[in-house]
Structures are given as C-alpha cells and as structure tokens.
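Raw contents of start-v1.tsv, TSV, C-alpha atoms:
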chain	number	residue	atom	x	y	z
A	1	MET	CA	0.00	0.00	0.00
A	2	VAL	CA	2.88	2.37	0.79
A	3	ARG	CA	4.40	1.83	-2.65
A	4	ARG	CA	1.07	1.89	-4.44
A	5	PHE	CA	0.08	5.30	-3.05
A	6	GLN	CA	3.58	6.81	-3.40
A	7	ILE	CA	3.91	7.28	0.37
A	8	ASP	CA	7.28	7.95	1.96
A	9	LEU	CA	6.77	6.08	5.22
A	10	PRO	CA	9.23	7.99	7.52
A	11	LEU	CA	7.83	11.32	6.36
A	12	PHE	CA	4.24	10.11	6.67
A	13	VAL	CA	4.76	8.89	10.24
A	14	ALA	CA	6.34	12.19	11.27
A	15	LEU	CA	3.42	14.12	9.77
A	16	ILE	CA	0.91	11.94	11.63
A	17	LEU	CA	2.76	12.64	14.89
A	18	LEU	CA	2.50	16.40	14.27
A	19	LEU	CA	-1.19	16.17	13.43
A	20	GLY	CA	-1.79	14.06	16.54
A	21	ALA	CA	0.07	16.55	18.73
A	22	GLY	CA	-2.07	19.30	17.22
A	23	VAL	CA	-5.33	17.56	18.10
A	24	LEU	CA	-4.07	16.85	21.62
A	25	ILE	CA	-3.11	20.42	22.43
A	26	LEU	CA	-6.07	21.88	20.55
A	27	PHE	CA	-8.45	19.96	22.82
A	28	SER	CA	-6.78	21.64	25.78
A	29	SER	CA	-6.54	25.14	24.29
A	30	SER	CA	-10.20	25.07	23.25
A	31	GLY	CA	-11.35	24.18	26.74
A	32	GLY	CA	-12.26	20.62	25.84
A	33	SER	CA	-14.54	21.61	22.95
A	34	THR	CA	-15.57	18.46	21.07
A	35	ASP	CA	-16.98	20.62	18.28
A	36	VAL	CA	-13.57	22.18	17.61
A	37	ILE	CA	-11.90	18.76	17.63
A	38	PHE	CA	-14.53	17.33	15.28
A	39	ARG	CA	-14.05	20.14	12.76
A	40	GLN	CA	-10.27	19.88	12.99
A	41	SER	CA	-10.46	16.11	12.52
A	42	ILE	CA	-12.50	16.61	9.35
A	43	ARG	CA	-9.85	19.00	8.09
A	44	ILE	CA	-7.12	16.47	8.86
A	45	VAL	CA	-8.91	13.72	6.93
A	46	ILE	CA	-9.44	16.03	3.95
A	47	SER	CA	-5.80	17.19	4.09
A	48	LEU	CA	-4.53	13.61	4.13
A	49	ALA	CA	-6.74	12.83	1.14
A	50	VAL	CA	-5.32	15.87	-0.66
A	51	MET	CA	-1.78	14.71	0.10
A	52	LEU	CA	-2.45	11.21	-1.24
A	53	PHE	CA	-4.10	12.59	-4.37
A	54	VAL	CA	-1.27	15.00	-5.15
A	55	ALA	CA	1.30	12.24	-4.52
A	56	GLN	CA	-0.21	10.29	-7.43
A	57	LEU	CA	0.39	13.13	-9.91
A	58	ASN	CA	3.24	12.76	-12.33
A	59	PRO	CA	5.97	15.40	-11.80
A	60	ASP	CA	5.77	16.28	-15.49
A	61	THR	CA	2.09	17.12	-14.99
A	62	ILE	CA	2.93	19.37	-12.05
A	63	ARG	CA	5.61	21.05	-14.15
A	64	ARG	CA	3.14	21.73	-16.97
A	65	TRP	CA	0.57	23.09	-14.54
A	66	SER	CA	2.97	25.56	-12.94
A	67	PRO	CA	2.35	28.61	-15.19
A	68	GLY	CA	-1.42	28.08	-15.25
A	69	LEU	CA	-1.62	27.61	-11.49
A	70	TYR	CA	0.44	30.74	-10.88
A	71	LEU	CA	-1.65	32.86	-13.24
A	72	GLY	CA	-4.90	31.54	-11.78
A	73	ALA	CA	-3.73	32.21	-8.21
A	74	VAL	CA	-2.76	35.81	-9.10
A	75	LEU	CA	-6.19	36.39	-10.68
A	76	ILE	CA	-7.91	35.05	-7.56
A	77	LEU	CA	-5.80	37.39	-5.39
A	78	LEU	CA	-7.04	40.28	-7.52
A	79	LEU	CA	-10.58	38.98	-7.04
A	80	VAL	CA	-10.05	38.99	-3.28
A	81	LEU	CA	-9.18	42.68	-3.35
A	82	ALA	CA	-12.40	43.37	-5.25
A	83	VAL	CA	-15.03	41.16	-3.60
A	84	GLY	CA	-13.20	39.28	-0.85
A	85	TYR	CA	-14.71	38.56	2.55
A	86	VAL	CA	-13.64	41.01	5.25
A	87	GLY	CA	-12.89	39.66	8.72
A	88	LYS	CA	-10.95	41.17	11.65
A	89	GLY	CA	-10.07	44.20	9.56
A	90	ALA	CA	-8.52	42.19	6.71
A	91	GLN	CA	-9.84	41.24	3.27
A	92	ARG	CA	-8.19	37.86	2.70
A	93	TRP	CA	-10.89	35.28	1.93
A	94	ILE	CA	-13.27	34.16	-0.80
A	95	ASP	CA	-16.61	33.20	0.73
A	96	LEU	CA	-17.85	29.97	-0.88
A	97	GLY	CA	-20.87	29.63	1.36
A	98	LEU	CA	-20.02	26.56	3.41
A	99	VAL	CA	-16.35	27.46	3.73
A	100	ARG	CA	-14.07	30.45	3.32
A	101	PHE	CA	-11.01	29.95	1.13
A	102	GLN	CA	-7.81	31.98	1.54
A	103	PRO	CA	-6.18	32.23	-1.93
A	104	ALA	CA	-2.86	33.41	-0.48
A	105	GLU	CA	-2.31	29.85	0.76
A	106	LEU	CA	-2.51	28.55	-2.80
A	107	MET	CA	0.15	31.08	-3.76
A	108	LYS	CA	2.58	29.38	-1.37
A	109	LEU	CA	2.63	26.47	-3.81
A	110	ALA	CA	2.23	28.43	-7.04
A	111	THR	CA	5.14	30.83	-6.48
A	112	PRO	CA	7.95	28.26	-6.00
A	113	MET	CA	6.43	26.09	-8.75
A	114	MET	CA	6.55	29.01	-11.17
A	115	VAL	CA	10.09	30.05	-10.23
A	116	ALA	CA	11.37	26.47	-10.55
A	117	TRP	CA	9.61	26.13	-13.91
A	118	LEU	CA	11.18	29.32	-15.24
A	119	PHE	CA	14.70	28.45	-14.10
A	120	THR	CA	14.58	25.00	-15.70
A	121	ARG	CA	13.32	26.14	-19.11
A	122	THR	CA	15.97	26.42	-21.79
A	123	THR	CA	13.93	28.86	-23.90
A	124	THR	CA	13.78	31.61	-21.27
A	125	PRO	CA	16.42	34.37	-21.07
A	126	SER	CA	19.47	33.51	-19.02
A	127	GLY	CA	21.60	35.46	-16.59
A	128	PHE	CA	20.52	38.65	-14.88
A	129	SER	CA	17.56	39.30	-17.20
A	130	ARG	CA	15.93	36.05	-16.13
A	131	LEU	CA	16.53	36.95	-12.49
A	132	LEU	CA	14.68	40.24	-13.00
A	133	VAL	CA	11.70	38.38	-14.48
A	134	VAL	CA	11.70	36.03	-11.51
A	135	LEU	CA	11.78	38.94	-9.08
A	136	VAL	CA	8.66	40.39	-10.69
A	137	LEU	CA	6.94	37.00	-10.33
A	138	ILE	CA	7.85	36.97	-6.63
A	139	VAL	CA	7.07	40.59	-5.80
A	140	LEU	CA	3.67	40.65	-7.55
A	141	PRO	CA	1.85	38.09	-5.34
A	142	ALA	CA	3.72	39.23	-2.22
A	143	ALA	CA	2.51	42.79	-2.81
A	144	LEU	CA	-1.07	41.68	-3.48
A	145	VAL	CA	-1.10	39.76	-0.20
A	146	ALA	CA	0.56	42.58	1.73
A	147	VAL	CA	-2.24	45.02	0.88
A	148	GLN	CA	-4.98	42.67	2.21
A	149	PRO	CA	-3.19	43.20	4.72
A	150	ASP	CA	-1.37	39.97	5.58
A	151	LEU	CA	2.27	40.75	6.32
A	152	GLY	CA	3.11	37.25	7.59
A	153	THR	CA	1.93	35.44	4.45
A	154	SER	CA	3.53	38.10	2.25
A	155	ILE	CA	6.88	37.45	3.94
A	156	MET	CA	6.42	33.71	3.47
A	157	LEU	CA	5.73	34.13	-0.25
A	158	ALA	CA	8.81	36.29	-0.71
A	159	PHE	CA	10.92	33.81	1.25
A	160	SER	CA	9.73	30.84	-0.83
A	161	GLY	CA	10.59	32.65	-4.04
A	162	ILE	CA	14.05	33.65	-2.77
A	163	CYS	CA	14.71	30.04	-1.70
A	164	ALA	CA	13.86	28.83	-5.20
A	165	VAL	CA	16.22	31.42	-6.68
A	166	PHE	CA	19.01	30.32	-4.34
A	167	LEU	CA	18.50	26.60	-5.02
A	168	ALA	CA	18.43	27.24	-8.76
A	169	GLY	CA	22.12	28.11	-8.59
A	170	VAL	CA	22.05	31.83	-9.39
A	171	ARG	CA	25.47	33.46	-9.53
A	172	TRP	CA	26.69	35.02	-6.31
A	173	ARG	CA	27.29	38.31	-8.11
A	174	HIS	CA	23.64	38.52	-9.02
A	175	LEU	CA	22.59	37.61	-5.47
A	176	LEU	CA	24.79	40.41	-4.10
A	177	ILE	CA	23.20	42.87	-6.49
A	178	LEU	CA	19.77	41.66	-5.41
A	179	SER	CA	20.70	42.04	-1.73
A	180	ALA	CA	21.91	45.60	-2.36
A	181	VAL	CA	18.62	46.47	-4.08
A	182	VAL	CA	16.60	45.07	-1.16
A	183	ALA	CA	18.73	46.98	1.35
A	184	ALA	CA	18.27	50.20	-0.62
A	185	ALA	CA	14.50	49.64	-0.75
A	186	ALA	CA	14.21	49.00	3.00
A	187	PRO	CA	13.30	52.61	3.91
A	188	PHE	CA	10.57	52.64	1.26
A	189	LEU	CA	9.21	49.27	2.43
A	190	TRP	CA	9.16	50.56	6.03
A	191	SER	CA	7.19	53.63	4.97
A	192	GLN	CA	4.58	51.39	3.31
A	193	LEU	CA	3.87	49.43	6.49
A	194	ARG	CA	0.72	50.24	8.43
A	195	GLY	CA	1.00	51.81	11.85
A	196	TYR	CA	0.18	48.66	13.80
A	197	GLN	CA	2.70	46.68	11.73
A	198	LYS	CA	5.45	49.13	12.63
A	199	ASP	CA	4.35	48.97	16.26
A	200	ARG	CA	4.64	45.16	16.23
A	201	ILE	CA	8.21	45.34	14.98
A	202	LEU	CA	9.20	47.99	17.51
A	203	THR	CA	7.38	46.16	20.32
A	204	MET	CA	9.56	43.11	19.68
A	205	LEU	CA	12.52	45.11	21.00
A	206	ASP	CA	10.74	46.03	24.26
A	207	PRO	CA	7.31	44.43	24.79
A	208	TRP	CA	7.13	45.87	28.33
A	209	ALA	CA	6.92	49.37	26.88
A	210	ASP	CA	3.23	48.66	26.24
A	211	PRO	CA	2.37	45.64	28.44
A	212	LEU	CA	-1.41	46.00	28.12
A	213	GLY	CA	-1.39	46.91	24.43
A	214	MET	CA	0.95	45.82	21.64
A	215	GLY	CA	3.22	43.91	24.00
A	216	TYR	CA	0.45	41.92	25.67
A	217	HIS	CA	0.56	38.90	23.34
A	218	THR	CA	4.31	38.46	23.64
A	219	ILE	CA	4.44	38.99	27.40
A	220	GLN	CA	1.70	36.46	28.17
A	221	ALA	CA	3.28	33.89	25.87
A	222	GLN	CA	6.68	34.37	27.51
A	223	ILE	CA	5.12	33.96	30.97
A	224	ALA	CA	3.49	30.70	29.84
A	225	ILE	CA	6.71	29.32	28.36
A	226	GLY	CA	8.95	30.50	31.20
A	227	SER	CA	6.73	29.08	33.95
A	228	ALA	CA	6.53	25.60	32.43
A	229	GLY	CA	9.83	24.26	33.77
A	230	LEU	CA	11.30	20.95	32.67
A	231	ALA	CA	8.17	18.79	32.41
A	232	GLY	CA	5.44	21.43	32.22
A	233	LYS	CA	2.27	21.85	34.25
A	234	GLY	CA	0.49	18.88	32.71
A	235	TRP	CA	-2.04	18.44	29.93
A	236	ARG	CA	-5.02	20.79	30.43
A	237	TYR	CA	-3.40	22.29	33.55
A	238	GLY	CA	-1.79	25.34	31.98
A	239	SER	CA	-2.83	28.33	34.08
A	240	GLN	CA	-2.16	30.98	31.43
A	241	SER	CA	-4.30	29.10	28.96
A	242	TYR	CA	-7.02	28.05	31.40
A	243	LEU	CA	-7.42	31.60	32.73
A	244	ASP	CA	-7.59	32.95	29.16
A	245	TYR	CA	-4.46	35.10	29.38
A	246	ILE	CA	-2.95	33.73	26.16
A	247	PRO	CA	-4.61	35.35	23.12
A	248	GLU	CA	-5.31	33.34	19.95
A	249	ARG	CA	-4.31	30.24	21.88
A	250	SER	CA	-5.81	27.81	19.36
A	251	THR	CA	-4.15	29.40	16.33
A	252	ASP	CA	-1.10	31.68	16.28
A	253	PHE	CA	-0.10	31.19	19.94
A	254	ILE	CA	-0.83	27.49	20.36
A	255	PHE	CA	2.90	26.85	20.82
A	256	ALA	CA	2.77	28.80	24.11
A	257	VAL	CA	-0.03	26.50	25.33
A	258	PHE	CA	1.96	23.42	24.34
A	259	ALA	CA	5.12	24.70	26.03
A	260	GLU	CA	3.28	25.57	29.25
A	261	GLU	CA	1.66	22.16	29.53
A	262	PHE	CA	4.53	19.92	28.39
A	263	GLY	CA	7.55	22.00	29.36
A	264	PHE	CA	11.06	21.87	27.99
A	265	VAL	CA	10.88	18.12	27.33
A	266	GLY	CA	7.71	18.46	25.28
A	267	VAL	CA	9.07	21.39	23.30
A	268	VAL	CA	12.24	19.47	22.44
A	269	PHE	CA	10.13	16.51	21.32
A	270	LEU	CA	7.87	18.67	19.13
A	271	LEU	CA	10.72	20.59	17.53
A	272	SER	CA	12.59	17.32	16.94
A	273	ILE	CA	9.69	16.06	14.85
A	274	TYR	CA	9.79	19.25	12.79
A	275	VAL	CA	13.53	18.81	12.28
A	276	LEU	CA	13.00	15.18	11.22
A	277	VAL	CA	10.39	16.25	8.67
A	278	ALA	CA	12.70	18.90	7.24
A	279	ALA	CA	15.71	16.57	7.23
A	280	ARG	CA	13.80	13.81	5.46
A	281	CYS	CA	12.51	16.21	2.81
A	282	MET	CA	15.98	17.69	2.23
A	283	ARG	CA	17.38	14.19	1.82
A	284	ILE	CA	14.70	13.55	-0.79
A	285	ALA	CA	15.60	16.80	-2.58
A	286	TYR	CA	19.29	15.87	-2.56
A	287	ARG	CA	18.66	12.47	-4.15
A	288	ILE	CA	16.40	13.72	-6.96
A	289	GLN	CA	18.20	14.21	-10.25
A	290	ASP	CA	15.60	16.28	-12.08
A	291	SER	CA	16.34	20.00	-11.66
A	292	TYR	CA	12.73	21.16	-11.46
A	293	CYS	CA	11.82	18.55	-8.86
A	294	ARG	CA	14.94	19.24	-6.83
A	295	ILE	CA	14.40	23.02	-6.75
A	296	LEU	CA	10.71	22.69	-5.90
A	297	THR	CA	11.24	20.03	-3.22
A	298	GLY	CA	14.03	21.98	-1.56
A	299	THR	CA	12.02	25.21	-1.65
A	300	LEU	CA	8.90	23.65	-0.14
A	301	THR	CA	11.02	22.12	2.62
A	302	LEU	CA	12.84	25.33	3.52
A	303	THR	CA	9.56	27.27	3.48
A	304	PHE	CA	7.97	24.76	5.85
A	305	PHE	CA	10.88	25.01	8.27
A	306	PHE	CA	10.85	28.81	8.03
A	307	TYR	CA	7.15	28.66	8.89
A	308	VAL	CA	8.02	26.84	12.12
A	309	PHE	CA	10.89	29.22	12.92
A	310	VAL	CA	8.72	32.32	12.47
A	311	ASN	CA	5.89	31.00	14.65
A	312	VAL	CA	8.17	29.83	17.48
A	313	GLY	CA	10.21	33.03	17.27
A	314	MET	CA	7.05	35.13	17.29
A	315	VAL	CA	5.63	33.37	20.35
A	316	SER	CA	8.93	33.43	22.27
A	317	GLY	CA	9.51	37.13	21.53
A	318	ILE	CA	12.56	37.04	19.27
A	319	LEU	CA	10.49	37.95	16.18
A	320	PRO	CA	7.59	40.39	15.72
A	321	VAL	CA	4.00	39.12	15.82
A	322	VAL	CA	3.03	38.57	12.18
A	323	GLY	CA	0.15	36.11	12.45
A	324	VAL	CA	1.80	32.90	11.24
A	325	PRO	CA	0.24	29.68	12.64
A	326	LEU	CA	2.25	26.67	13.80
A	327	PRO	CA	2.28	24.24	10.85
A	328	LEU	CA	-0.03	21.20	11.20
A	329	VAL	CA	-0.69	22.01	14.86
A	330	SER	CA	-2.67	25.27	14.89
A	331	TYR	CA	-6.40	25.26	14.29
A	332	GLY	CA	-7.31	25.91	10.66
A	333	GLY	CA	-7.99	24.25	7.35
A	334	THR	CA	-6.60	26.13	4.33
A	335	SER	CA	-3.04	26.29	5.64
A	336	MET	CA	-3.08	22.61	6.60
A	337	MET	CA	-4.35	21.50	3.19
A	338	THR	CA	-1.71	23.60	1.44
A	339	LEU	CA	1.08	22.09	3.54
A	340	MET	CA	-0.17	18.54	3.03
A	341	ALA	CA	-0.43	19.17	-0.71
A	342	ALA	CA	3.21	20.30	-0.61
A	343	PHE	CA	4.22	17.07	1.14
A	344	GLY	CA	2.21	15.16	-1.46
A	345	ILE	CA	4.28	16.84	-4.18
A	346	ILE	CA	7.49	15.88	-2.38
A	347	MET	CA	6.41	12.25	-1.94
A	348	GLY	CA	5.29	11.92	-5.55
A	349	MET	CA	8.49	13.36	-6.93
A	350	TYR	CA	10.64	11.13	-4.76
A	351	ARG	CA	8.88	7.93	-5.76
A	352	ARG	CA	8.53	8.62	-9.46
A	353	ARG	CA	11.92	10.12	-10.32
A	354	ARG	CA	15.07	8.12	-10.86
A	355	LEU	CA	17.31	8.54	-7.82
A	356	MET	CA	21.03	9.08	-7.59
A	357	SER	CA	23.05	5.95	-6.87

Encoded form using structure tokens:
Amino acid sequence: MVRRFQIDLPLFVALILLLGAGVLILFSSSGGSTDVIFRQSIRIVISLAVMLFVAQLNPDTIRRWSPGLYLGAVLILLLVLAVGYVGKGAQRWIDLGLVRFQPAELMKLATPMMVAWLFTRTTTPSGFSRLLVVLVLIVLPAALVAVQPDLGTSIMLAFSGICAVFLAGVRWRHLLILSAVVAAAAPFLWSQLRGYQKDRILTMLDPWADPLGMGYHTIQAQIAIGSAGLAGKGWRYGSQSYLDYIPERSTDFIFAVFAEEFGFVGVVFLLSIYVLVAARCMRIAYRIQDSYCRILTGTLTLTFFFYVFVNVGMVSGILPVVGVPLPLVSYGGTSMMTLMAAFGIIMGMYRRRRLMS
C-alpha cells in the first residue's frame, strides 16, 4: 500500500505525529470543545486525502501546470481585493458559502512552482535578465497579499521565491546585487507598512513598553513558556491558557499553550519532529536528479521550516508578531491542506523520479 500510493513512510509517520500533537493540544486550548476537535479532525482527513491525491500526480504534470496555477492564483488574489470577505479588519478570503477559502495559501505552492519552472526552461532568457523576471513574479503576489493586509503570508511568499532562486544556482554576483537592491529599498518598504505593523516590529525590541497593548501577546506567551519548567504543568493544567491570558491560543499562539503544559521536554520533542520532517525532505531533494523537482522540493522544505521558525520566534519574543500559525498544529484548514499538498508533491516526486546511486 505504501508503494502503491507513493507514500514515503518515515515522512508520513512524522506528519501523523505532528497532526496528533495538534489535536491533543487543541483539545486543551479550546477548553475541551468536542466541536472544535470534530471540525479539525474533518480537516485532517481532507488534508490527508489531498496529500495522497497529489502524490499520485506525475511530476511532469505538475511542471506543466505551474504557469497556469500561478496565473490563476494571481487572478484570484485580484478577485479577493475586489469582492473578498472582510474579517478582523482584513480582506483575505473568498466566501464559498459553506467554507471560506484563503487564496494566499494557494500562492505558497504556485510561487515556488513558477520560479522552478522558469529556471529549468531552456527557452527563457538567461543570466541577470531572467533573475529580473523572476523577481517580478515573486514581488507581484507578495505585494497583493501585503495590501490585504497579511504581512506574515507576504513574507512567506517572498521567502519561498528567494529560496527557489538560491536553489536554482544563481550566480553570487547577481545575489549580491539583489541584496543591495533590497537593502536600498528597505526605507521605502518601512514607509509602506501600516501603523500597527510598525508597532509590532518595535514592540519586539521592548514588549514591556506597552504591556497592556501591543506587548500583551508576547508577554503572556513568555510567561506561559517560562513558567513551564522541565516537564510542564500537565495536559489541560496550563494556568495561562485556562485563565484565558494567552490570546489566539488555538491558532497563532498554540505553541505557548503546548510549552506551558509539556515543558522543555515536550518542546524538544515537538521541535525534533519538525527537524525530522525537514531533514527527510531535504534528503529527498538531494537524491532527486531532475532539476525542477529538486528546486521545488528543496524550496517547499525550507519554506515549511521557516514557517516553524517564524511562529516559534514570534511566540517566544525574538520575532515580531506577524500572524503565522504553527504548521499542522494550529487550528485551521486552508493552511493545513496547502502544507499537506506540498508534502504530497514531495512524496510523488521522490517515488517517481530516478534517484542518484
């Protein structure tokens, strides 16, 4: 069955462990809500089905779909700006009636697919001119997402595109030029941020400057993590979570709940699973000979690990709060399905491509 469905068993087991840990801590963070667990379980089943389906696709099919998927995702982002659903001050979703779909999540797959496709085509311009085209393809969706506003997802899109550029083997001279351009544009980018986004970045340096305002999220999360000790306070015995001090404890700040209840030992265990997932995927990328598959697999892996780094850094106070959930653990559906589709791509490419000896 493992071979028939193109499943990489070590990777699959690690993913199941993460999903299981998510359900466990979500039950606690939601106050024992069976309704929340039921809905999350449905999302997990659907996400696993998506992963298995995508794993059956031929890599050549995925390669051919790359331009069309990218173009379609950009058009949907434009549609969001026109008629998108508005929630919590942001216009990020398409309301389909029964569910709300966040198109920016689809862009997390479409952007690295498009960049990998362009770098592996022999008919496209080479050298610095091709790099400029790629930069436009990266900046366009990142800008469309940033104006929703969704700074966290915009950063993730830009990071995924840059990873694909790096893995494609661009000359160091061109990368230095690109870095200089980004550094020169930093003041302009800062001026384009909204007031609360600037406050979040500045609050990271000193959250106690506004303990009941912008610094509240970070301070409460740090209290939860710091009070956990070696083994934690026990499942469903986290005081910060139980007394409702931790905001967004089922989504963006669920890591603080996990750390408070399971302590240093639990955190090491959880992060070890993430490292195993990333290491397994990078090993797969290393052994794939096809350039498109190798670039895409490596990019999806680095983006996933960056996702984890940003969330943990945000919760622990070393990064600004940008609204990035903990992959496969936080409550939510669109992000989970996108990630599982990415792992389906990785599994399918590994099983169907000839490996290095």

Contacts of Ile76 (chain A) at 10 Å or less, counting only C-alpha atoms, minus same-chain residues fewer than 5 places along, as an mmCIF file with C-alpha atoms, in the coordinates of the input?
data_model
loop_
_atom_site.group_PDB
_atom_site.id
_atom_site.type_symbol
_atom_site.label_atom_id
_atom_site.label_comp_id
_atom_site.auth_asym_id
_atom_site.auth_seq_id
_atom_site.Cartn_x
_atom_site.Cartn_y
_atom_site.Cartn_z
ATOM 1 C CA TYR A 70 0.440 30.740 -10.880
ATOM 2 C CA LEU A 71 -1.650 32.860 -13.240
ATOM 3 C CA LEU A 81 -9.180 42.680 -3.350
ATOM 4 C CA ALA A 82 -12.400 43.370 -5.250
ATOM 5 C CA GLY A 84 -13.200 39.280 -0.850
ATOM 6 C CA TRP A 93 -10.890 35.280 1.930
ATOM 7 C CA ILE A 94 -13.270 34.160 -0.800
ATOM 8 C CA GLN A 102 -7.810 31.980 1.540
ATOM 9 C CA PRO A 103 -6.180 32.230 -1.930
ATOM 10 C CA ALA A 104 -2.860 33.410 -0.480
ATOM 11 C CA LEU A 106 -2.510 28.550 -2.800
ATOM 12 C CA MET A 107 0.150 31.080 -3.760
#

Near Val83 (chain A), counting only C-alpha atoms, which residues have an atom at most 12 Å away, once you skip same-chain residues fewer than 5 positions from it, shown as a tab-separated table (two decimals) with C-alpha atoms, keeping the file's coordinate frame?
chain	number	residue	atom	x	y	z
A	76	ILE	CA	-7.91	35.05	-7.56
A	77	LEU	CA	-5.80	37.39	-5.39
A	78	LEU	CA	-7.04	40.28	-7.52
A	91	GLN	CA	-9.84	41.24	3.27
A	92	ARG	CA	-8.19	37.86	2.70
A	93	TRP	CA	-10.89	35.28	1.93
A	94	ILE	CA	-13.27	34.16	-0.80
A	95	ASP	CA	-16.61	33.20	0.73
A	96	LEU	CA	-17.85	29.97	-0.88
A	148	GLN	CA	-4.98	42.67	2.21

Next on the checklist: For Tyr331 (chain A), find every residue with an atom within 9 Å (counting all atoms listed in the file), except residues of its own chain fewer than 3 positions away, and show them as an MDAnalysis selection string.
Outcome noted: chainID A and resid 22:23 26 36 40 250:252 254 325:326 328 336

Proximity of region 277-352 of chain A to region 53-61 of chain A: per-residue shortest pair, 12 Å limit, all atoms listed in the file, as CSV:
residue,atom,partner,partner_atom,distance
A:Ile288,CA,A:Pro59,CA,11.6
A:Asp290,CA,A:Pro59,CA,9.7
A:Ser291,CA,A:Pro59,CA,11.3
A:Tyr292,CA,A:Pro59,CA,8.9
A:Cys293,CA,A:Pro59,CA,7.3
A:Arg294,CA,A:Pro59,CA,11.0
A:Leu296,CA,A:Pro59,CA,10.5
A:Thr297,CA,A:Pro59,CA,11.1
A:Met337,CA,A:Val54,CA,11.0
A:Thr338,CA,A:Val54,CA,10.8
A:Leu339,CA,A:Val54,CA,11.5
A:Met340,CA,A:Val54,CA,9.0
A:Ala341,CA,A:Val54,CA,6.1
A:Ala342,CA,A:Val54,CA,8.3
A:Phe343,CA,A:Ala55,CA,8.0
A:Gly344,CA,A:Ala55,CA,4.3
A:Ile345,CA,A:Ala55,CA,5.5
A:Ile346,CA,A:Ala55,CA,7.5
A:Met347,CA,A:Ala55,CA,5.7
A:Gly348,CA,A:Ala55,CA,4.1
A:Met349,CA,A:Pro59,CA,5.9
A:Tyr350,CA,A:Ala55,CA,9.4
A:Arg351,CA,A:Ala55,CA,8.8
A:Arg352,CA,A:Asn58,CA,7.3

Next on the checklist: Show me, as an MDAnalysis selection string, the residues that have an atom within 7 Å of region 133-144 of chain A when counting only C-alpha atoms, minus same-chain residues fewer than 3 positions from it.
Outcome noted: chainID A and resid 74 77 111 115 129:130 147:148 154 157:158 161

Which residues of region 302-339 of chain A have any atom within 10 Å of an atom in region 258-271 of chain A when counting all atoms listed in the file, and what is the closest pair of atoms for each, with the distance in Å to one decimal? Order the rows by chain and rising number and write it as JSON lines.
{"residue": "A:Val308", "atom": "CA", "partner": "A:Leu271", "partner_atom": "CA", "distance": 8.7}
{"residue": "A:Phe309", "atom": "CA", "partner": "A:Leu271", "partner_atom": "CA", "distance": 9.8}
{"residue": "A:Val312", "atom": "CA", "partner": "A:Leu271", "partner_atom": "CA", "distance": 9.6}
{"residue": "A:Val329", "atom": "CA", "partner": "A:Phe258", "partner_atom": "CA", "distance": 9.9}

Checklist entry - Closest to Leu48 (chain A) among A:Phe5, A:Trp235, A:Trp117, A:Phe128, using only C-alpha atoms? => result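 Distance minimum relative to Leu48 (chain A) lands on A:Phe5.
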
Item to check | Residue neighbourhood region 220-222 of chain A, 12 Å, only C-alpha atoms, exclusion window fewer than 4 positions, as number ranges by chain | outcome: A: 207-208, 211-216, 226-228, 238-241, 243-249, 252-260, 311-318, 321

With C-alpha atoms kept, could you save the residues just selected as an mmCIF file, in the coordinates of the input?
data_model
loop_
_atom_site.group_PDB
_atom_site.id
_atom_site.type_symbol
_atom_site.label_atom_id
_atom_site.label_comp_id
_atom_site.auth_asym_id
_atom_site.auth_seq_id
_atom_site.Cartn_x
_atom_site.Cartn_y
_atom_site.Cartn_z
ATOM 1 C CA PRO A 207 7.310 44.430 24.790
ATOM 2 C CA TRP A 208 7.130 45.870 28.330
ATOM 3 C CA PRO A 211 2.370 45.640 28.440
ATOM 4 C CA LEU A 212 -1.410 46.000 28.120
ATOM 5 C CA GLY A 213 -1.390 46.910 24.430
ATOM 6 C CA MET A 214 0.950 45.820 21.640
ATOM 7 C CA GLY A 215 3.220 43.910 24.000
ATOM 8 C CA TYR A 216 0.450 41.920 25.670
ATOM 9 C CA GLY A 226 8.950 30.500 31.200
ATOM 10 C CA SER A 227 6.730 29.080 33.950
ATOM 11 C CA ALA A 228 6.530 25.600 32.430
ATOM 12 C CA GLY A 238 -1.790 25.340 31.980
ATOM 13 C CA SER A 239 -2.830 28.330 34.080
ATOM 14 C CA GLN A 240 -2.160 30.980 31.430
ATOM 15 C CA SER A 241 -4.300 29.100 28.960
ATOM 16 C CA LEU A 243 -7.420 31.600 32.730
ATOM 17 C CA ASP A 244 -7.590 32.950 29.160
ATOM 18 C CA TYR A 245 -4.460 35.100 29.380
ATOM 19 C CA ILE A 246 -2.950 33.730 26.160
ATOM 20 C CA PRO A 247 -4.610 35.350 23.120
ATOM 21 C CA GLU A 248 -5.310 33.340 19.950
ATOM 22 C CA ARG A 249 -4.310 30.240 21.880
ATOM 23 C CA ASP A 252 -1.100 31.680 16.280
ATOM 24 C CA PHE A 253 -0.100 31.190 19.940
ATOM 25 C CA ILE A 254 -0.830 27.490 20.360
ATOM 26 C CA PHE A 255 2.900 26.850 20.820
ATOM 27 C CA ALA A 256 2.770 28.800 24.110
ATOM 28 C CA VAL A 257 -0.030 26.500 25.330
ATOM 29 C CA PHE A 258 1.960 23.420 24.340
ATOM 30 C CA ALA A 259 5.120 24.700 26.030
ATOM 31 C CA GLU A 260 3.280 25.570 29.250
ATOM 32 C CA ASN A 311 5.890 31.000 14.650
ATOM 33 C CA VAL A 312 8.170 29.830 17.480
ATOM 34 C CA GLY A 313 10.210 33.030 17.270
ATOM 35 C CA MET A 314 7.050 35.130 17.290
ATOM 36 C CA VAL A 315 5.630 33.370 20.350
ATOM 37 C CA SER A 316 8.930 33.430 22.270
ATOM 38 C CA GLY A 317 9.510 37.130 21.530
ATOM 39 C CA ILE A 318 12.560 37.040 19.270
ATOM 40 C CA VAL A 321 4.000 39.120 15.820
#

Checklist entry - Is there a way to get, as a list in words, all residues within 8 Å of the point (5.5, 23.5, -8.7) in file coordinates, counting all atoms listed in the file? => result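 Output: Ile62, Arg63, Trp65, Ser66, Leu109, Ala110, Thr111, Pro112, Met113, Met114, Ala116, Trp117 and Leu296 of chain A.
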
Checklist entry - When you draw a straight line from CA of Ile162 (chain A) to CA of Ala183 (chain A), how long is it in Å? => result 14.7 Å

Repair of region 5-11 of chain A at the level of N, CA and C atoms, as a short mmCIF file (atom, residue, chain, number, x, y, z; two decimals), in the coordinates of the input:
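Resulting contents of rebuild_31.cif:
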data_model
loop_
_atom_site.label_atom_id
_atom_site.label_comp_id
_atom_site.auth_asym_id
_atom_site.auth_seq_id
_atom_site.Cartn_x
_atom_site.Cartn_y
_atom_site.Cartn_z
N PHE A 5 0.55 3.93 -3.20
CA PHE A 5 0.08 5.30 -3.05
C PHE A 5 1.22 6.30 -2.97
N GLN A 6 2.43 5.91 -3.34
CA GLN A 6 3.58 6.81 -3.40
C GLN A 6 3.86 7.48 -2.06
N ILE A 7 3.71 6.72 -0.97
CA ILE A 7 3.91 7.28 0.37
C ILE A 7 5.35 7.04 0.83
N ASP A 8 5.98 8.10 1.31
CA ASP A 8 7.28 7.95 1.96
C ASP A 8 7.01 7.71 3.44
N LEU A 9 7.22 6.49 3.90
CA LEU A 9 6.77 6.08 5.22
C LEU A 9 7.37 6.91 6.36
N PRO A 10 8.69 7.16 6.41
CA PRO A 10 9.23 7.99 7.52
C PRO A 10 8.61 9.38 7.57
N LEU A 11 8.44 9.99 6.42
CA LEU A 11 7.83 11.32 6.36
C LEU A 11 6.37 11.26 6.78
#
